[in-house]
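Content type PDB, C-alpha atoms, from the file structure17.pdb:
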ATOM      1  CA  ASN A 795     130.718  94.885  40.444
ATOM      2  CA  VAL A 796     131.989  91.311  40.409
ATOM      3  CA  LYS A 797     135.746  90.998  40.749
ATOM      4  CA  GLY A 798     138.197  88.122  41.008
ATOM      5  CA  THR A 799     137.501  85.299  43.412
ATOM      6  CA  ALA A 800     138.876  81.810  43.942
ATOM      7  CA  HIS A 801     135.559  80.412  45.159
ATOM      8  CA  ALA A 802     134.135  77.764  42.837
ATOM      9  CA  ASP A 803     130.583  78.061  41.535
ATOM     10  CA  ASP A 804     129.725  81.426  43.047
ATOM     11  CA  LYS A 805     126.018  82.163  42.573
ATOM     12  CA  PHE A 806     124.325  85.548  42.574
ATOM     13  CA  SER A 807     120.598  86.329  42.604
ATOM     14  CA  VAL A 808     119.783  89.311  40.392
ATOM     15  CA  ALA A 809     116.634  91.365  39.880
ATOM     16  CA  ASN A 810     115.026  91.977  36.501
ATOM     17  CA  ASN A 811     116.986  94.575  34.500
ATOM     18  CA  ALA A 812     119.928  94.390  36.905
ATOM     19  CA  LYS A 813     123.363  95.518  35.740
ATOM     20  CA  VAL A 814     126.373  93.345  36.528
ATOM     21  CA  ASN A 815     129.915  94.529  35.836
ATOM     22  CA  VAL A 816     132.540  91.793  35.613
ATOM     23  CA  THR A 817     135.719  93.813  35.957
ATOM     24  CA  ALA A 818     138.298  91.091  36.591
ATOM     25  CA  ASP A 819     138.782  87.376  36.041
ATOM     26  CA  VAL A 820     136.362  85.552  38.340
ATOM     27  CA  THR A 821     138.644  82.461  37.953
ATOM     28  CA  ALA A 822     135.821  79.989  38.679
ATOM     29  CA  ASP A 823     132.404  79.549  37.108
ATOM     30  CA  ALA A 824     130.077  82.363  38.174
ATOM     31  CA  GLU A 825     126.278  82.045  37.997
ATOM     32  CA  PHE A 826     123.705  84.825  37.850
ATOM     33  CA  ASN A 827     120.152  83.703  38.571
ATOM     34  CA  GLY A 828     117.164  85.806  37.590
ATOM     35  CA  VAL A 829     113.884  85.757  39.492
ATOM     36  CA  ALA A 830     112.230  82.441  38.638
ATOM     37  CA  ALA A 831     108.681  83.832  38.651
ATOM     38  CA  THR A 832     109.506  86.260  35.840
ATOM     39  CA  ALA A 833     111.986  84.111  33.928
ATOM     40  CA  ALA A 834     110.091  84.565  30.646
ATOM     41  CA  THR A 835     110.736  88.327  30.638
ATOM     42  CA  ASN A 836     113.825  88.898  32.779
ATOM     43  CA  VAL A 837     116.647  91.021  31.377
ATOM     44  CA  LEU A 838     120.258  91.002  32.583
ATOM     45  CA  ASN A 839     122.636  93.799  31.592
ATOM     46  CA  LEU A 840     126.102  92.254  31.720
ATOM     47  CA  ASP A 841     129.271  94.281  31.165
ATOM     48  CA  VAL A 842     132.489  92.319  30.726
ATOM     49  CA  SER A 843     135.857  94.046  30.756
ATOM     50  CA  ALA A 844     138.316  91.215  31.446
ATOM     51  CA  ASP A 845     139.188  87.744  30.179
ATOM     52  CA  GLN A 846     137.383  84.978  32.058
ATOM     53  CA  THR A 847     139.311  81.738  32.525
ATOM     54  CA  ALA A 848     136.103  80.071  33.721
ATOM     55  CA  GLY A 849     132.536  80.216  32.497
ATOM     56  CA  ILE A 850     129.662  82.613  33.136
ATOM     57  CA  THR A 851     126.199  81.072  33.550
ATOM     58  CA  VAL A 852     122.892  82.935  33.457
ATOM     59  CA  THR A 853     119.569  81.313  34.384
ATOM     60  CA  ASN A 854     115.903  82.359  34.520
ATOM     61  CA  THR A 855     116.520  85.092  31.980
ATOM     62  CA  LYS A 856     115.032  85.928  28.571
ATOM     63  CA  THR A 857     117.563  88.485  27.294
ATOM     64  CA  VAL A 858     121.201  89.088  28.174
ATOM     65  CA  ASN A 859     122.488  92.478  27.021
ATOM     66  CA  LEU A 860     126.227  91.857  26.876
ATOM     67  CA  ASN A 861     128.399  94.947  26.598
ATOM     68  CA  VAL A 862     132.097  94.408  25.937
ATOM     69  CA  SER A 863     134.028  97.368  27.327
ATOM     70  CA  ALA A 864     137.490  95.782  27.100
ATOM     71  CA  ALA A 865     138.779  92.945  24.915
ATOM     72  CA  SER A 866     137.511  89.784  26.591
ATOM     73  CA  SER A 867     137.300  86.040  26.207
ATOM     74  CA  ILE A 868     134.927  83.840  28.178
ATOM     75  CA  ASP A 869     136.338  80.422  29.073
ATOM     76  CA  THR A 870     138.170  79.408  25.919
ATOM     77  CA  GLY A 871     140.380  76.905  27.752
ATOM     78  CA  ALA A 872     140.105  73.143  28.101
ATOM     79  CA  ALA A 873     136.717  73.232  29.834
ATOM     80  CA  ALA A 874     135.400  75.848  27.393
ATOM     81  CA  ASN A 875     132.146  76.333  29.265
ATOM     82  CA  GLY A 876     132.003  79.825  27.819
ATOM     83  CA  LEU A 877     128.900  81.947  28.246
ATOM     84  CA  SER A 878     126.016  79.635  29.118
ATOM     85  CA  VAL A 879     122.619  81.323  29.154
ATOM     86  CA  GLY A 880     120.384  78.395  28.184
ATOM     87  CA  THR A 881     117.499  79.574  25.993
ATOM     88  CA  ALA A 882     118.116  83.286  26.522
ATOM     89  CA  ASN A 883     118.973  85.578  23.618
ATOM     90  CA  VAL A 884     122.292  87.429  23.834
ATOM     91  CA  VAL A 885     122.546  90.940  22.405
ATOM     92  CA  VAL A 886     126.177  92.063  22.097
ATOM     93  CA  THR A 887     127.276  95.709  22.053
ATOM     94  CA  GLY A 888     130.560  97.511  22.525
ATOM     95  CA  THR A 889     133.714  98.209  20.555
ATOM     96  CA  LYS A 890     136.198  95.686  21.947
ATOM     97  CA  ASN A 891     136.801  92.109  20.785
ATOM     98  CA  LEU A 892     134.872  89.189  22.282
ATOM     99  CA  THR A 893     135.674  85.484  22.132
ATOM    100  CA  LEU A 894     133.153  82.930  23.390
ATOM    101  CA  GLY A 895     134.271  79.470  24.476
ATOM    102  CA  THR A 896     132.992  76.602  22.328
ATOM    103  CA  GLY A 897     130.765  75.358  25.151
ATOM    104  CA  SER A 898     128.701  78.557  25.108
ATOM    105  CA  THR A 899     124.929  78.145  24.922
ATOM    106  CA  ALA A 900     122.174  80.590  23.934
ATOM    107  CA  ALA A 901     119.079  80.688  21.785
ATOM    108  CA  SER A 902     120.857  83.287  19.656
ATOM    109  CA  VAL A 903     123.730  85.755  19.625
ATOM    110  CA  ASP A 904     122.977  89.067  17.903
ATOM    111  CA  ALA A 905     125.956  91.395  17.481
ATOM    112  CA  THR A 906     124.317  93.743  14.957
ATOM    113  CA  ASN A 907     125.354  96.825  16.943
ATOM    114  CA  PHE A 908     128.757  95.456  17.973
ATOM    115  CA  SER A 909     131.874  96.890  16.295
ATOM    116  CA  GLY A 910     134.496  94.635  17.853
ATOM    117  CA  VAL A 911     135.487  91.237  16.459
ATOM    118  CA  LEU A 912     133.172  88.429  17.562
ATOM    119  CA  THR A 913     134.756  84.970  17.627
ATOM    120  CA  ALA A 914     132.306  82.131  18.279
ATOM    121  CA  GLN A 915     131.195  78.667  17.235
ATOM    122  CA  ALA A 916     127.780  77.886  15.773
ATOM    123  CA  LYS A 917     126.566  74.469  16.848
ATOM    124  CA  ALA A 918     123.124  72.903  17.058
ATOM    125  CA  GLY A 919     122.215  72.480  20.718
ATOM    126  CA  ASN A 920     124.642  75.230  21.765
ATOM    127  CA  ILE A 921     124.251  78.404  19.718
ATOM    128  CA  ALA A 922     122.319  77.732  16.519
ATOM    129  CA  ASN A 923     121.838  81.338  15.416
ATOM    130  CA  ILE A 924     124.641  83.908  15.248
ATOM    131  CA  LYS A 925     124.644  87.331  13.603
ATOM    132  CA  GLY A 926     127.817  89.378  13.481
ATOM    133  CA  GLY A 927     128.275  93.137  13.545
ATOM    134  CA  SER A 928     130.452  95.682  11.772
ATOM    135  CA  GLY A 929     133.746  94.107  12.846
ATOM    136  CA  ASN A 930     135.482  91.372  10.873
ATOM    137  CA  ASP A 931     133.970  88.513  12.823
ATOM    138  CA  VAL A 932     135.213  84.921  12.909
ATOM    139  CA  ILE A 933     132.501  82.259  13.096
ATOM    140  CA  THR A 934     133.234  78.525  13.126
ATOM    141  CA  LEU A 935     130.751  75.873  12.076
ATOM    142  CA  ALA A 936     130.418  72.622  13.999
ATOM    143  CA  THR A 937     130.141  69.671  11.655
ATOM    144  CA  ALA A 938     126.690  68.538  10.502
ATOM    145  CA  SER A 939     124.942  71.257  12.517
ATOM    146  CA  ALA A 940     121.674  72.891  11.485
ATOM    147  CA  VAL A 941     122.588  76.503  12.222
ATOM    148  CA  THR A 942     122.070  79.987  10.772
ATOM    149  CA  VAL A 943     125.087  82.275  10.619
ATOM    150  CA  ASP A 944     125.223  85.836   9.294
ATOM    151  CA  GLY A 945     128.549  87.648   9.166
ATOM    152  CA  GLY A 946     126.872  91.025   9.527
ATOM    153  CA  SER A 947     128.127  94.257   7.998
ATOM    154  CA  GLY A 948     131.868  93.689   8.319
ATOM    155  CA  THR A 949     134.032  93.696   5.204
ATOM    156  CA  GLY A 950     136.264  90.746   6.089
ATOM    157  CA  ASP A 951     134.082  88.304   8.005
ATOM    158  CA  VAL A 952     135.553  84.802   8.153
ATOM    159  CA  LEU A 953     133.558  81.568   8.198
ATOM    160  CA  ASN A 954     135.537  78.514   9.298
ATOM    161  CA  LEU A 955     134.088  75.400   7.695
ATOM    162  CA  ALA A 956     133.815  71.921   9.189
ATOM    163  CA  ALA A 957     133.850  68.527   7.475
ATOM    164  CA  ASP A 958     130.068  68.682   6.854
ATOM    165  CA  ASN A 959     128.505  72.120   6.340
ATOM    166  CA  THR A 960     125.421  71.079   4.386
ATOM    167  CA  LYS A 961     122.903  71.869   7.144
ATOM    168  CA  ALA A 962     124.068  75.444   7.692
ATOM    169  CA  VAL A 963     122.397  78.594   6.346
ATOM    170  CA  ILE A 964     125.161  81.131   5.692
ATOM    171  CA  SER A 965     125.199  84.766   4.572
ATOM    172  CA  ASN A 966     127.322  87.916   4.567
ATOM    173  CA  PHE A 967     130.785  86.384   4.784
ATOM    174  CA  GLU A 968     133.733  87.462   2.663
ATOM    175  CA  VAL A 969     136.273  84.760   3.535
ATOM    176  CA  ILE A 970     135.676  81.002   3.666
ATOM    177  CA  GLN A 971     138.358  79.047   5.531
ATOM    178  CA  MET A 972     138.388  75.326   4.786
ATOM    179  CA  VAL A 973     139.470  72.509   7.060
ATOM    180  CA  ASP A 974     141.984  69.921   5.921
ATOM    181  CA  GLY A 975     140.423  67.319   3.641
ATOM    182  CA  ALA A 976     136.937  67.253   2.112
ATOM    183  CA  ASN A 977     134.599  70.129   3.018
ATOM    184  CA  ALA A 978     131.024  69.049   2.269
ATOM    185  CA  VAL A 979     128.880  72.001   1.140
ATOM    186  CA  ASN A 980     125.710  72.733  -0.824
ATOM    187  CA  VAL A 981     125.658  74.343  -4.256
ATOM    188  CA  SER A 982     123.241  77.024  -3.014
ATOM    189  CA  GLN A 983     125.743  78.099  -0.360
ATOM    190  CA  PHE A 984     128.359  79.013  -2.999
ATOM    191  CA  SER A 985     126.718  79.500  -6.400
ATOM    192  CA  GLY A 986     126.839  83.148  -7.430
ATOM    193  CA  LYS A 987     128.588  84.191  -4.224
ATOM    194  CA  THR A 988     131.759  86.251  -3.941
ATOM    195  CA  TYR A 989     134.072  84.529  -1.489
ATOM    196  CA  ALA A 990     137.795  84.336  -0.948
ATOM    197  CA  VAL A 991     138.145  80.592  -0.351
ATOM    198  CA  LYS A 992     141.226  79.503   1.581
ATOM    199  CA  GLY A 993     142.524  75.968   1.903
ATOM    200  CA  ASN A 994     144.209  74.537   4.961
ATOM    201  CA  ASN A 995     147.534  73.095   3.881
ATOM    202  CA  GLY A 996     147.253  72.234   0.199
ATOM    203  CA  THR A 997     146.721  68.516   0.828
ATOM    204  CA  ASN A 998     143.326  67.135  -0.255
ATOM    205  CA  ASP A 999     141.569  70.414   0.595
ATOM    206  CA  ASN A1000     138.419  70.077  -1.524
ATOM    207  CA  LEU A1001     135.056  71.796  -1.671
ATOM    208  CA  ASN A1002     132.827  68.775  -2.060
ATOM    209  CA  PHE A1003     129.331  69.274  -3.485
ATOM    210  CA  SER A1004     128.683  65.581  -4.089
ATOM    211  CA  THR A1005     128.767  63.869  -0.706
ATOM    212  CA  ALA A1006     124.960  63.632  -0.632
ATOM    213  CA  SER A1007     122.233  63.996  -3.243
ATOM    214  CA  THR A1008     120.787  66.965  -1.354
ATOM    215  CA  SER A1009     124.021  68.923  -1.810
ATOM    216  CA  ILE A1010     123.083  69.641  -5.444
ATOM    217  CA  ASP A1011     120.231  71.877  -4.367
ATOM    218  CA  SER A1012     120.330  74.486  -7.112
ATOM    219  CA  ALA A1013     119.662  74.297 -10.857
ATOM    220  CA  THR A1014     122.462  76.809 -11.423
ATOM    221  CA  MET A1015     126.117  76.321 -10.583
ATOM    222  CA  ASP A1016     128.023  79.577 -10.909
ATOM    223  CA  PHE A1017     131.357  79.485  -9.130
ATOM    224  CA  SER A1018     132.949  82.240 -11.230
ATOM    225  CA  LYS A1019     133.136  84.705  -8.332
ATOM    226  CA  LEU A1020     134.971  82.365  -5.984
ATOM    227  CA  LEU A1021     138.618  83.305  -5.467
ATOM    228  CA  PHE A1022     140.653  80.244  -4.451
ATOM    229  CA  ASP A1023     144.058  80.429  -2.830
ATOM    230  CA  ALA A1024     146.882  78.012  -3.613
ATOM    231  CA  ASN A1025     145.950  75.652  -0.792
ATOM    232  CA  VAL A1026     142.627  74.676  -2.352
ATOM    233  CA  THR A1027     143.265  71.482  -4.286
ATOM    234  CA  GLY A1028     139.905  70.969  -5.986
ATOM    235  CA  VAL A1029     136.161  71.383  -6.349
ATOM    236  CA  VAL A1030     134.257  68.108  -6.480
ATOM    237  CA  VAL A1031     130.772  68.093  -8.034
TER     238      VAL A1031
END
Just dump the structure as C-alpha cells.
Amino acid sequence: NVKGTAHADDKFSVANNAKVNVTADVTADAEFNGVAATAATNVLNLDVSADQTAGITVTNTKTVNLNVSAASSIDTGAAANGLSVGTANVVVTGTKNLTLGTGSTAASVDATNFSGVLTAQAKAGNIANIKGGSGNDVITLATASAVTVDGGSGTGDVLNLAADNTKAVISNFEVIQMVDGANAVNVSQFSGKTYAVKGNNGTNDNLNFSTASTSIDSATMDFSKLLFDANVTGVVV
C-alpha cells in the first residue's frame, strides 16, 4: 500500500501484474515504473481510494487496470498533472466517482465496466479516446481536438463542448453543454440525434454549423429531436 508522503517525485519499481493500493493522498507526484524489458506487455493493477492533490505517473506499462474503491480525484488543481500513463491503456472499474486532472495522458480510457461517474477531458495528445460506463459521465472536449468520445450506457451522460468541436467523433451522450459564444459543430454530430442542448448564459450561445465548409458533412439536416433550453440563442447553418 502507498500512503501519504511529503517526499516529492517518489518512484517505485513494480513487477508485471503488480497491485498497488493508493489509500491516502500521496501529496506529491508518485511514479510507478514497470520493468523496461517487458514494457510492451506489462500490466499494473492500481486501486485508488483517496483524492490525490498531485499526479500519478506510470511508465513502461501497456495496461493500467484502475479500480476506484472510494470517490477520488487525481490532481485536478493548478498543476493538473492528473493520471499520466503515456501510451498505456487505462481500464476503469469500480462503483465510486473518478475525476481525472486535465493534464492526464493515456492512449485510451475505457470505463465500460465502471458504474461511478467519470469526469475527464478528451484532448489530442493527452487522452484522445474515452469511453464511459453506466454512470452519468461528464466528458469535456478540448477545442479543435481529433478525439473519439463515447458516453457509454449511462442515461444522463454530459458532453461539454468547446469553441471548435468539428474534429471530434461523439456518441451515446444525452446532454450537450455549450460554452459561451459560438460552438462550432458538424451536421453529422447532431442530425437525427436526441440531445438536451444547454446554453451557457443566454448571450450569443450558438450551435454553429457554418464555420467551415467541412461542417456541412451530411446531406440531411434533421434537428427535430434536439431539445434546447432557454440559454441557447440560435442555430447557425
Explicit residues for the PyMOL selection byres ((chain A and resi 867-871) around 8) (as a list in words): Ala844, Asp845, Gln846, Thr847, Ala848, Gly849, Ile850, Ala865, Ser866, Ala872, Ala873, Ala874, Asn875, Gly876, Leu877, Leu892, Thr893, Leu894, Gly895 and Thr896 of chain A
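Counting only C-alpha atoms, the residue from A:Asp1023, A:Asp974, A:Asp958, A:Asp1011 that sits nearest to Ala990 (chain A) is A:Asp1023.
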Result set of the PyMOL selection byres ((chain A and resi 1008) around 12) on the coordinates above, as an MDAnalysis selection string: chainID A and resid 960:961 978:982 1003:1007 1009:1012
d(CA of Gly975 (chain A), CA of Asp944 (chain A)) in Å: 24.6 Å
Explicit residue set for the PyMOL selection byres ((chain A and resi 901) around 12), as a ChimeraX atom specification: /A:855-858,877-885,898-900,902-904,916-925,941-942
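The closest residue to Val837 (chain A), picked from A:Asn810, A:Thr851, A:Asn977, A:Ser863 and counting all atoms listed in the file, is A:Asn810.
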Spatial neighbours of Gly993 (chain A), max dist 12 Å, all atoms listed in the file, sep filter under 4 positions, as a VMD selection string: chain A and resid 954 to 955 969 to 977 997 to 1001 1021 to 1029
If you take every atom of region 821-836 of chain A that the file lists and fit an axis-aligned box around them with 5 Å extra on each side, what centre and edge lengths come out in Å to one decimal, as JSON?
{"center_x": 123.7, "center_y": 84.2, "center_z": 35.1, "size_x": 40.0, "size_y": 19.3, "size_z": 18.9}
Test item: residues at most 8 Å from Asn966 (chain A), only C-alpha atoms, excluding those fewer than 5 positions along its chain, as a list in words: Asp944, Gly945, Gly946, Ser947 and Asp951 of chain A
8 Å contact set for Ile933 (chain A), only C-alpha atoms, chain neighbours under 4 positions out, as number ranges by chain: A: 912-916, 943, 945, 952-954
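With CA of Tyr989 (chain A) on one side and CA of Ala940 (chain A) on the other, the separation reads 21.4 Å.
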Contacts of Ser1018 (chain A) at 12 Å (all atoms listed in the file; same-chain gap of 6+ positions) as a ChimeraX atom specification: /A:984-990
